[in-house]
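Q: Pasting in a structure now, in structure tokens, and then I'll have a few things to ask.
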2 protein chains.
Amino acid sequence: MSPLKHKILQVASDLFQTRGINATGVDTIVAVAGTTKMTLYKHFTSKELLILEVLKKCHQDFQSWLNDRLSRHDRKPAEKLQKLFDAIEEWINSPAYQGMAFLKASAEFPEESSAIHRLSAEQSEAFRDYLAALAREAGVKDHKGLALQLSLLIEGAMHAEHIRRGSGGIRHAKKAARILIDNALKA
Amino acid sequence: MSPLKHKILQVASDLFQTRGINATGVDTIVAVAGTTKMTLYKHFTSKELLILEVLKKCHQDFQSWLNDRLSRHDRKPAEKLQKLFDAIEEWINSPAYQGMAFLKASAEFPEESSAIHRLSAEQSEAFRDYLAALAREAGVKDHKGLALQLSLLIEGAMHAEHIRRGSGGIRHAKKAARILIDNALKA
DNA sequence: TTTCGGATATACCAGCCTGTATATTTTTTG
DNA sequence: CAAAAAATATACAGGCTGGTATATCCGAAA
């Protein structure tokens, strides 16, 4: 990928998170990225496509980081499920954290017909599927149910931390997760 | 309150939910409400103030509905805590439900300096306080901790249902809540 | 050195944005 | 009925929006 394209993606991603998507014009993006609209529109056909690519990049970054983080120590699957929340806590507490991209995007584009909303929904589901796979490996019978519960906790904590930094949502989510995981493993 | 002002609030509230706040111009609002910009700006000094009043109204409607719903049967406080999730499920499953206002507003106005973001944060806290009060009445020792956990579940479910209608998030949240409440009561 | 393609600068378009000025009509009140 | 108040229509201002047309520049390949 062209370094300019990469820079535009990175700048757009940052501005979308800090100022909001609709509130960020392409003029601002190119100004910060140090390029021009012509160049931007040569790499991305429209602002909507730029937004979609930014979302894909954010989700990919998160998922691959998380996956790396969890497969580093290949312990027992059940421990992996617990480690998951440590990783998420680390992610959320990182200074770079500014909220989860697909959560905010779906709020800003509420219409079902919007491609952005649909992509957000897909990413939310993909994450749930990932959780379900972890739960199944850990031997949870109702792995889908547990995955949904854990996703509520995680997305809730991500939002809580976005709405007020240092709310400690993830710490309580971790405690709740431990209880729910234990319960699901026993069943 | 003037009926026109009321109508504007209601129309704005609906449009903000269905199309997004930034994506909804005042021209659209007055057109749907059947009035003019002059009238709108006589009742609300700016669009920002209109947004703030809409948020207040939404939160007030939700909180008073929930309170009525829970105080109808004045059973034992512990049952009230369980009934809470039935009420929330009913609220979310209502056809009128289009996502929680303050959740979406905080996503659309991510800057801490924004009055809209701050109001959203306050409402989120107020809701948590409400949960904590319920938990304390029910005899939960760590009522604040449980309240935070339950708020993650509820806000997560509200978001899940907004992102995809019929996701069943609240059903699983209810199950998880039962486990967490039981656990907190025993402690 | 010439040619050629990608990046650039600049200017522009039409439409939408929030907000206002002015003047007219309707409604309420004394 | 008259005076005051509220709501209206219309038009406009200035700025930002996403997106484009044109022409220049610059570095690499021939």
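FYI, nothing fancy with the structure tokens labels: chains A, B, ... in order, residues from 1 per chain, ligands from 1 as they appear.
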Should the cut-off be 9 Å, what would the residue list for chain A against chain D look like, counting only C-alpha atoms (C1' of nucleotides), as a list in words?
A: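 Only these qualify: Gly25, Val26, Lys37, Met38, Tyr41, Ser46 and Lys47 of chain A.
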Q: Once you have the residues from the selection above, write them out as a PDB file, in the first residue's frame, restricted to N, CA and C atoms.
A:
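Written output follows (selection32.pdb):
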ATOM      1  N   GLY A  25     -14.498  16.658   8.292  1.00  0.00           N
ATOM      2  CA  GLY A  25     -14.569  16.824   6.847  1.00  0.00           C
ATOM      3  C   GLY A  25     -13.317  16.323   6.168  1.00  0.00           C
ATOM      4  N   VAL A  26     -13.413  16.029   4.880  1.00  0.00           N
ATOM      5  CA  VAL A  26     -12.245  15.547   4.148  1.00  0.00           C
ATOM      6  C   VAL A  26     -11.169  16.632   4.081  1.00  0.00           C
ATOM      7  N   LYS A  37      -6.929  16.928  -1.474  1.00  0.00           N
ATOM      8  CA  LYS A  37      -8.146  16.163  -1.730  1.00  0.00           C
ATOM      9  C   LYS A  37      -7.999  15.293  -2.970  1.00  0.00           C
ATOM     10  N   MET A  38      -7.332  15.831  -3.986  1.00  0.00           N
ATOM     11  CA  MET A  38      -7.128  15.060  -5.217  1.00  0.00           C
ATOM     12  C   MET A  38      -6.498  13.702  -4.911  1.00  0.00           C
ATOM     13  N   TYR A  41      -8.921  11.396  -3.033  1.00  0.00           N
ATOM     14  CA  TYR A  41      -9.958  10.807  -3.878  1.00  0.00           C
ATOM     15  C   TYR A  41      -9.393   9.885  -4.950  1.00  0.00           C
ATOM     16  N   SER A  46     -14.735   7.678  -2.402  1.00  0.00           N
ATOM     17  CA  SER A  46     -15.649   8.600  -1.728  1.00  0.00           C
ATOM     18  C   SER A  46     -15.343   8.595  -0.241  1.00  0.00           C
ATOM     19  N   LYS A  47     -15.942   9.519   0.475  1.00  0.00           N
ATOM     20  CA  LYS A  47     -15.727   9.557   1.925  1.00  0.00           C
ATOM     21  C   LYS A  47     -16.278   8.282   2.568  1.00  0.00           C
TER      22      LYS A  47
END
Q: Taking only C-alpha atoms (C1' of nucleotides) into account, find every residue of chain A that has an atom no more than 12 Å from chain C, and write it out as a ChimeraX atom specification.
A: /A:2,4,23,34-40,42-43
Q: Which value, in Å to one decimal, gives the distance between CA of Leu9 in chain B and CA of Val54 in chain B?
A: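 If I compute the distance from CA of Leu9 in chain B to CA of Val54 in chain B, I get 6.0 Å.
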Q: Write out as a ChimeraX atom specification the residues lying within 12 Å of Gln123 in chain A, counting only C-alpha atoms (C1' of nucleotides) and excluding same-chain residues fewer than 5 positions away.
A: /A:52,55-60,62-63,100-103,105-106,116-118,128-130 /B:160,163-164
Q: Only C-alpha atoms, please: the residues just picked out, written as a CSV table (one decimal), in the first residue's frame.
A:
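Result written to out.csv:
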chain,number,residue,atom,x,y,z
A,52,LEU,CA,-15.4,1.7,5.5
A,55,LEU,CA,-13.4,0.6,10.1
A,56,LYS,CA,-11.9,-2.5,8.5
A,57,LYS,CA,-8.4,-1.4,9.5
A,58,CYS,CA,-9.5,-0.7,13.1
A,59,HIS,CA,-11.3,-4.0,13.5
A,60,GLN,CA,-8.4,-5.9,11.9
A,62,PHE,CA,-7.9,-5.1,17.2
A,63,GLN,CA,-8.6,-8.7,16.3
A,100,MET,CA,-14.3,1.0,19.8
A,101,ALA,CA,-14.6,2.1,16.2
A,102,PHE,CA,-17.6,-0.1,15.2
A,103,LEU,CA,-19.6,0.8,18.3
A,105,ALA,CA,-19.8,4.2,13.9
A,106,SER,CA,-23.1,2.2,14.3
A,116,ILE,CA,-21.4,1.7,7.4
A,117,HIS,CA,-24.0,0.5,9.9
A,118,ARG,CA,-24.1,-3.0,8.2
A,128,ARG,CA,-19.0,-12.6,19.1
A,129,ASP,CA,-18.1,-15.5,16.9
A,130,TYR,CA,-14.6,-15.2,18.0
B,160,ALA,CA,-26.7,-4.8,20.7
B,163,ILE,CA,-27.0,-2.5,16.1
B,164,ARG,CA,-29.2,-5.5,15.1
Q: Counting only C-alpha atoms, what are the residues of chain A within 8 Å of chain B, and for each of them which pair of atoms is the nearest and at what distance in Å, to one decimal? Sort the table by chain and rising number, as JSON lines.
A:
{"residue": "A:Gln17", "atom": "CA", "partner": "B:Pro110", "partner_atom": "CA", "distance": 7.3}
{"residue": "A:Thr18", "atom": "CA", "partner": "B:Pro110", "partner_atom": "CA", "distance": 6.1}
{"residue": "A:Arg19", "atom": "CA", "partner": "B:Pro110", "partner_atom": "CA", "distance": 6.0}
{"residue": "A:Gly20", "atom": "CA", "partner": "B:Glu108", "partner_atom": "CA", "distance": 5.7}
{"residue": "A:Ile21", "atom": "CA", "partner": "B:Glu108", "partner_atom": "CA", "distance": 7.7}
{"residue": "A:Asn22", "atom": "CA", "partner": "B:Asn22", "partner_atom": "CA", "distance": 6.6}
{"residue": "A:Ala23", "atom": "CA", "partner": "B:Asn22", "partner_atom": "CA", "distance": 7.4}
{"residue": "A:Leu103", "atom": "CA", "partner": "B:Ala107", "partner_atom": "CA", "distance": 7.9}
{"residue": "A:Lys104", "atom": "CA", "partner": "B:Ala107", "partner_atom": "CA", "distance": 5.0}
{"residue": "A:Ala105", "atom": "CA", "partner": "B:Ala107", "partner_atom": "CA", "distance": 7.9}
{"residue": "A:Ser106", "atom": "CA", "partner": "B:Ile163", "partner_atom": "CA", "distance": 6.4}
{"residue": "A:Ala107", "atom": "CA", "partner": "B:Lys104", "partner_atom": "CA", "distance": 5.0}
{"residue": "A:Glu108", "atom": "CA", "partner": "B:Gly20", "partner_atom": "CA", "distance": 5.7}
{"residue": "A:Phe109", "atom": "CA", "partner": "B:Gly20", "partner_atom": "CA", "distance": 6.3}
{"residue": "A:Pro110", "atom": "CA", "partner": "B:Arg19", "partner_atom": "CA", "distance": 6.0}
{"residue": "A:Glu111", "atom": "CA", "partner": "B:Arg19", "partner_atom": "CA", "distance": 6.2}
{"residue": "A:His117", "atom": "CA", "partner": "B:Ile163", "partner_atom": "CA", "distance": 7.5}
{"residue": "A:Ser120", "atom": "CA", "partner": "B:Ile163", "partner_atom": "CA", "distance": 7.7}
{"residue": "A:Ala121", "atom": "CA", "partner": "B:Ile163", "partner_atom": "CA", "distance": 5.8}
{"residue": "A:Gly145", "atom": "CA", "partner": "B:His172", "partner_atom": "CA", "distance": 6.8}
{"residue": "A:Leu148", "atom": "CA", "partner": "B:His172", "partner_atom": "CA", "distance": 6.9}
{"residue": "A:Gln149", "atom": "CA", "partner": "B:His172", "partner_atom": "CA", "distance": 6.0}
{"residue": "A:Ser151", "atom": "CA", "partner": "B:Gly156", "partner_atom": "CA", "distance": 7.8}
{"residue": "A:Leu152", "atom": "CA", "partner": "B:Gly156", "partner_atom": "CA", "distance": 4.4}
{"residue": "A:Leu153", "atom": "CA", "partner": "B:Leu152", "partner_atom": "CA", "distance": 5.4}
{"residue": "A:Ile154", "atom": "CA", "partner": "B:Gly156", "partner_atom": "CA", "distance": 7.9}
{"residue": "A:Glu155", "atom": "CA", "partner": "B:Gly156", "partner_atom": "CA", "distance": 5.8}
{"residue": "A:Gly156", "atom": "CA", "partner": "B:Leu152", "partner_atom": "CA", "distance": 4.4}
{"residue": "A:Ala157", "atom": "CA", "partner": "B:Leu152", "partner_atom": "CA", "distance": 6.1}
{"residue": "A:Ala160", "atom": "CA", "partner": "B:Leu152", "partner_atom": "CA", "distance": 7.7}
{"residue": "A:His162", "atom": "CA", "partner": "B:Pro110", "partner_atom": "CA", "distance": 7.9}
{"residue": "A:Ile163", "atom": "CA", "partner": "B:Ala121", "partner_atom": "CA", "distance": 5.8}
{"residue": "A:Arg164", "atom": "CA", "partner": "B:Ala121", "partner_atom": "CA", "distance": 6.6}
{"residue": "A:Gly169", "atom": "CA", "partner": "B:Leu148", "partner_atom": "CA", "distance": 7.0}
{"residue": "A:His172", "atom": "CA", "partner": "B:Gln149", "partner_atom": "CA", "distance": 6.0}
{"residue": "A:Ala173", "atom": "CA", "partner": "B:Gln149", "partner_atom": "CA", "distance": 6.1}
{"residue": "A:Ala176", "atom": "CA", "partner": "B:Gln149", "partner_atom": "CA", "distance": 6.6}
{"residue": "A:Ile179", "atom": "CA", "partner": "B:Leu180", "partner_atom": "CA", "distance": 7.2}
{"residue": "A:Leu180", "atom": "CA", "partner": "B:Ala176", "partner_atom": "CA", "distance": 6.9}
Q: Could the residues in this selection be written to a file with N, CA and C atoms, as a short mmCIF file (atom, residue, chain, number, x, y, z; two decimals), in the first residue's frame?
A:
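result.cif, written as the output of this step:
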data_model
loop_
_atom_site.label_atom_id
_atom_site.label_comp_id
_atom_site.auth_asym_id
_atom_site.auth_seq_id
_atom_site.Cartn_x
_atom_site.Cartn_y
_atom_site.Cartn_z
N GLN A 17 -12.11 9.14 15.50
CA GLN A 17 -12.26 8.75 16.91
C GLN A 17 -12.35 9.96 17.81
N THR A 18 -11.52 10.96 17.59
CA THR A 18 -11.46 12.07 18.53
C THR A 18 -12.54 13.12 18.30
N ARG A 19 -12.96 13.30 17.03
CA ARG A 19 -13.94 14.36 16.75
C ARG A 19 -15.27 13.84 16.27
N GLY A 20 -15.34 12.56 15.93
CA GLY A 20 -16.56 12.03 15.34
C GLY A 20 -16.43 11.95 13.83
N ILE A 21 -17.15 11.05 13.22
CA ILE A 21 -17.02 10.81 11.79
C ILE A 21 -17.68 11.91 10.98
N ASN A 22 -18.95 12.14 11.25
CA ASN A 22 -19.66 13.16 10.48
C ASN A 22 -19.08 14.56 10.73
N ALA A 23 -18.51 14.74 11.88
CA ALA A 23 -17.99 16.07 12.22
C ALA A 23 -16.61 16.32 11.61
N LEU A 103 -18.49 0.42 17.42
CA LEU A 103 -19.56 0.83 18.33
C LEU A 103 -20.00 2.25 18.01
N LYS A 104 -19.01 3.13 17.86
CA LYS A 104 -19.33 4.53 17.61
C LYS A 104 -19.91 4.72 16.21
N ALA A 105 -19.37 4.00 15.25
CA ALA A 105 -19.85 4.15 13.87
C ALA A 105 -21.32 3.76 13.77
N SER A 106 -21.69 2.69 14.44
CA SER A 106 -23.09 2.25 14.34
C SER A 106 -24.02 3.25 14.99
N ALA A 107 -23.52 3.99 15.97
CA ALA A 107 -24.35 5.02 16.60
C ALA A 107 -24.50 6.22 15.69
N GLU A 108 -23.44 6.51 14.96
CA GLU A 108 -23.47 7.69 14.11
C GLU A 108 -24.21 7.42 12.80
N PHE A 109 -24.30 6.15 12.42
CA PHE A 109 -25.04 5.78 11.21
C PHE A 109 -26.09 4.76 11.60
N PRO A 110 -27.21 5.21 12.15
CA PRO A 110 -28.19 4.30 12.73
C PRO A 110 -29.05 3.59 11.70
N GLU A 111 -29.05 4.08 10.47
CA GLU A 111 -29.96 3.50 9.49
C GLU A 111 -29.47 2.14 9.00
N HIS A 117 -23.34 1.14 8.77
CA HIS A 117 -24.04 0.45 9.85
C HIS A 117 -23.94 -1.06 9.68
N SER A 120 -20.53 -2.34 10.63
CA SER A 120 -20.39 -2.36 12.09
C SER A 120 -21.07 -3.58 12.67
N ALA A 121 -22.26 -3.87 12.17
CA ALA A 121 -22.99 -5.04 12.67
C ALA A 121 -22.21 -6.32 12.40
N GLY A 145 -24.24 -18.85 24.04
CA GLY A 145 -24.86 -18.03 25.08
C GLY A 145 -23.83 -17.28 25.90
N LEU A 148 -22.30 -14.40 23.98
CA LEU A 148 -23.15 -13.21 23.93
C LEU A 148 -23.07 -12.43 25.24
N GLN A 149 -23.12 -13.17 26.35
CA GLN A 149 -23.04 -12.49 27.65
C GLN A 149 -21.72 -11.75 27.80
N SER A 151 -19.80 -10.69 25.46
CA SER A 151 -19.72 -9.56 24.53
C SER A 151 -20.47 -8.35 25.09
N LEU A 152 -21.55 -8.60 25.77
CA LEU A 152 -22.28 -7.48 26.39
C LEU A 152 -21.38 -6.79 27.41
N LEU A 153 -20.73 -7.60 28.23
CA LEU A 153 -19.84 -7.03 29.25
C LEU A 153 -18.72 -6.23 28.61
N ILE A 154 -18.11 -6.81 27.59
CA ILE A 154 -16.95 -6.15 26.97
C ILE A 154 -17.36 -4.87 26.26
N GLU A 155 -18.41 -4.97 25.43
CA GLU A 155 -18.83 -3.77 24.71
C GLU A 155 -19.35 -2.72 25.68
N GLY A 156 -20.02 -3.17 26.72
CA GLY A 156 -20.46 -2.22 27.74
C GLY A 156 -19.28 -1.52 28.39
N ALA A 157 -18.24 -2.28 28.71
CA ALA A 157 -17.06 -1.70 29.35
C ALA A 157 -16.34 -0.76 28.40
N ALA A 160 -18.34 2.36 28.41
CA ALA A 160 -18.20 3.07 29.68
C ALA A 160 -16.88 3.81 29.75
N HIS A 162 -15.16 4.84 27.24
CA HIS A 162 -15.17 5.94 26.27
C HIS A 162 -15.91 7.13 26.82
N ILE A 163 -17.01 6.86 27.51
CA ILE A 163 -17.86 7.96 28.00
C ILE A 163 -17.19 8.66 29.17
N ARG A 164 -16.46 7.92 29.96
CA ARG A 164 -15.69 8.56 31.03
C ARG A 164 -14.45 7.75 31.30
N GLY A 169 -14.84 0.37 34.37
CA GLY A 169 -15.83 -0.59 33.89
C GLY A 169 -15.23 -1.95 33.61
N HIS A 172 -14.68 -4.27 36.63
CA HIS A 172 -15.88 -4.96 37.09
C HIS A 172 -16.37 -5.97 36.07
N ALA A 173 -16.15 -5.66 34.81
CA ALA A 173 -16.53 -6.63 33.78
C ALA A 173 -15.74 -7.92 33.97
N ALA A 176 -17.21 -9.91 36.79
CA ALA A 176 -18.47 -10.51 36.36
C ALA A 176 -18.20 -11.68 35.41
N ILE A 179 -17.31 -14.93 37.13
CA ILE A 179 -18.49 -15.62 37.67
C ILE A 179 -19.27 -16.33 36.57
N LEU A 180 -19.46 -15.60 35.47
CA LEU A 180 -20.26 -16.18 34.38
C LEU A 180 -19.55 -17.36 33.73
#
Q: CA of Leu185 in chain B and CA of Val140 in chain B are how many Å apart?
A: 5.3 Å
Q: Between CA of Lys76 in chain B and CA of Arg136 in chain B, measure the distance and give it in Å to one decimal.
A: 12.4 Å
Q: Based on the backbone DSSP call, show me all residues of chain A assigned helix (DSSP H, G or I), as a tab-separated table (two decimals) with C-alpha atoms, in the first residue's frame.
A:
chain	number	residue	atom	x	y	z
A	3	PRO	CA	2.63	5.30	2.14
A	4	LEU	CA	0.35	8.24	1.44
A	5	LYS	CA	-2.70	6.03	1.47
A	6	HIS	CA	-1.53	4.55	4.74
A	7	LYS	CA	-1.03	7.99	6.25
A	8	ILE	CA	-4.49	9.12	5.18
A	9	LEU	CA	-6.03	6.02	6.75
A	10	GLN	CA	-4.19	6.60	9.97
A	11	VAL	CA	-5.05	10.30	10.19
A	12	ALA	CA	-8.69	9.69	9.28
A	13	SER	CA	-8.90	6.96	11.88
A	14	ASP	CA	-7.56	9.27	14.56
A	15	LEU	CA	-9.78	12.22	13.65
A	16	PHE	CA	-12.88	10.06	13.42
A	17	GLN	CA	-12.26	8.75	16.91
A	18	THR	CA	-11.46	12.07	18.53
A	19	ARG	CA	-13.94	14.36	16.75
A	26	VAL	CA	-12.24	15.55	4.15
A	27	ASP	CA	-10.59	18.97	4.06
A	28	THR	CA	-9.49	18.49	7.65
A	29	ILE	CA	-8.20	15.00	6.93
A	30	VAL	CA	-6.02	16.04	4.00
A	31	ALA	CA	-4.76	19.09	5.88
A	32	VAL	CA	-3.61	17.00	8.84
A	33	ALA	CA	-2.25	14.27	6.61
A	37	LYS	CA	-8.15	16.16	-1.73
A	38	MET	CA	-7.13	15.06	-5.22
A	39	THR	CA	-4.76	12.49	-3.76
A	40	LEU	CA	-7.32	11.32	-1.22
A	41	TYR	CA	-9.96	10.81	-3.88
A	42	LYS	CA	-7.50	8.93	-6.04
A	43	HIS	CA	-7.02	6.37	-3.27
A	47	LYS	CA	-15.73	9.56	1.93
A	48	GLU	CA	-17.99	6.62	2.62
A	49	LEU	CA	-15.44	4.19	1.19
A	50	LEU	CA	-12.75	5.85	3.27
A	51	ILE	CA	-14.86	5.37	6.39
A	52	LEU	CA	-15.42	1.71	5.53
A	53	GLU	CA	-11.71	1.13	5.03
A	54	VAL	CA	-10.92	2.86	8.31
A	55	LEU	CA	-13.42	0.63	10.08
A	56	LYS	CA	-11.94	-2.48	8.51
A	57	LYS	CA	-8.45	-1.45	9.53
A	58	CYS	CA	-9.48	-0.74	13.13
A	59	HIS	CA	-11.27	-4.03	13.49
A	60	GLN	CA	-8.42	-5.94	11.88
A	61	ASP	CA	-5.88	-4.27	14.16
A	62	PHE	CA	-7.92	-5.12	17.22
A	63	GLN	CA	-8.64	-8.70	16.27
A	64	SER	CA	-5.09	-9.55	15.26
A	65	TRP	CA	-3.65	-7.86	18.35
A	66	LEU	CA	-6.03	-9.82	20.54
A	67	ASN	CA	-5.32	-13.06	18.77
A	68	ASP	CA	-1.56	-12.63	19.05
A	69	ARG	CA	-1.93	-11.72	22.68
A	70	LEU	CA	-3.92	-14.85	23.46
A	71	SER	CA	-1.94	-17.34	21.41
A	72	ARG	CA	1.33	-16.20	22.93
A	77	PRO	CA	-8.24	-23.24	26.67
A	78	ALA	CA	-10.11	-22.46	29.89
A	79	GLU	CA	-7.31	-20.19	31.06
A	80	LYS	CA	-7.32	-18.54	27.67
A	81	LEU	CA	-10.89	-17.48	28.25
A	82	GLN	CA	-9.84	-15.81	31.48
A	83	LYS	CA	-6.77	-14.25	29.91
A	84	LEU	CA	-9.07	-12.68	27.36
A	85	PHE	CA	-10.27	-10.11	29.86
A	86	ASP	CA	-6.75	-9.26	30.93
A	87	ALA	CA	-5.95	-8.55	27.31
A	88	ILE	CA	-9.05	-6.44	26.82
A	89	GLU	CA	-8.25	-4.52	29.98
A	90	GLU	CA	-4.80	-3.83	28.66
A	91	TRP	CA	-6.25	-2.69	25.34
A	92	ILE	CA	-8.76	-0.37	26.96
A	93	ASN	CA	-6.27	1.07	29.41
A	101	ALA	CA	-14.65	2.10	16.22
A	102	PHE	CA	-17.60	-0.06	15.21
A	103	LEU	CA	-19.56	0.83	18.33
A	104	LYS	CA	-19.33	4.53	17.61
A	105	ALA	CA	-19.85	4.15	13.87
A	106	SER	CA	-23.09	2.25	14.34
A	107	ALA	CA	-24.35	5.02	16.60
A	108	GLU	CA	-23.47	7.69	14.11
A	115	ALA	CA	-23.30	0.33	4.45
A	116	ILE	CA	-21.40	1.67	7.44
A	117	HIS	CA	-24.04	0.45	9.85
A	118	ARG	CA	-24.07	-2.95	8.22
A	119	LEU	CA	-20.29	-3.29	8.40
A	120	SER	CA	-20.39	-2.36	12.09
A	121	ALA	CA	-22.99	-5.04	12.67
A	122	GLU	CA	-20.86	-7.60	10.87
A	123	GLN	CA	-17.82	-6.73	12.94
A	124	SER	CA	-19.82	-6.95	16.13
A	125	GLU	CA	-20.96	-10.41	15.09
A	126	ALA	CA	-17.48	-11.47	14.05
A	127	PHE	CA	-16.22	-10.57	17.50
A	128	ARG	CA	-19.01	-12.56	19.10
A	129	ASP	CA	-18.14	-15.53	16.92
A	130	TYR	CA	-14.55	-15.23	18.05
A	131	LEU	CA	-15.69	-15.31	21.67
A	132	ALA	CA	-17.91	-18.29	20.96
A	133	ALA	CA	-14.98	-20.19	19.45
A	134	LEU	CA	-12.90	-19.50	22.56
A	135	ALA	CA	-15.74	-20.66	24.78
A	136	ARG	CA	-16.24	-23.84	22.81
A	137	GLU	CA	-12.55	-24.68	22.98
A	143	HIS	CA	-20.73	-21.45	24.14
A	144	LYS	CA	-22.91	-19.17	22.06
A	145	GLY	CA	-24.86	-18.03	25.08
A	146	LEU	CA	-21.74	-17.34	27.09
A	147	ALA	CA	-20.18	-15.51	24.15
A	148	LEU	CA	-23.15	-13.21	23.93
A	149	GLN	CA	-23.04	-12.49	27.65
A	150	LEU	CA	-19.32	-11.78	27.57
A	151	SER	CA	-19.72	-9.56	24.53
A	152	LEU	CA	-22.28	-7.48	26.39
A	153	LEU	CA	-19.84	-7.03	29.25
A	154	ILE	CA	-16.95	-6.15	26.97
A	155	GLU	CA	-18.83	-3.77	24.71
A	156	GLY	CA	-20.46	-2.22	27.74
A	157	ALA	CA	-17.06	-1.70	29.35
A	158	MET	CA	-15.63	-0.28	26.16
A	159	HIS	CA	-18.44	2.21	26.00
A	160	ALA	CA	-18.20	3.07	29.68
A	161	GLU	CA	-14.52	3.79	29.31
A	162	HIS	CA	-15.17	5.94	26.27
A	163	ILE	CA	-17.86	7.96	28.00
A	169	GLY	CA	-15.83	-0.59	33.89
A	170	ILE	CA	-13.48	-3.23	32.59
A	171	ARG	CA	-12.32	-4.13	36.08
A	172	HIS	CA	-15.88	-4.96	37.09
A	173	ALA	CA	-16.53	-6.63	33.78
A	174	LYS	CA	-13.62	-8.94	34.53
A	175	LYS	CA	-15.06	-9.90	37.88
A	176	ALA	CA	-18.47	-10.51	36.36
A	177	ALA	CA	-16.90	-12.54	33.56
A	178	ARG	CA	-15.18	-14.82	36.03
A	179	ILE	CA	-18.49	-15.62	37.67
A	180	LEU	CA	-20.26	-16.18	34.38
A	181	ILE	CA	-17.48	-18.35	32.98
A	182	ASP	CA	-17.37	-20.51	36.11
A	183	ASN	CA	-21.09	-20.89	35.95
A	184	ALA	CA	-21.07	-21.84	32.27
A	185	LEU	CA	-18.28	-24.37	32.76
A	186	LYS	CA	-20.20	-26.11	35.54
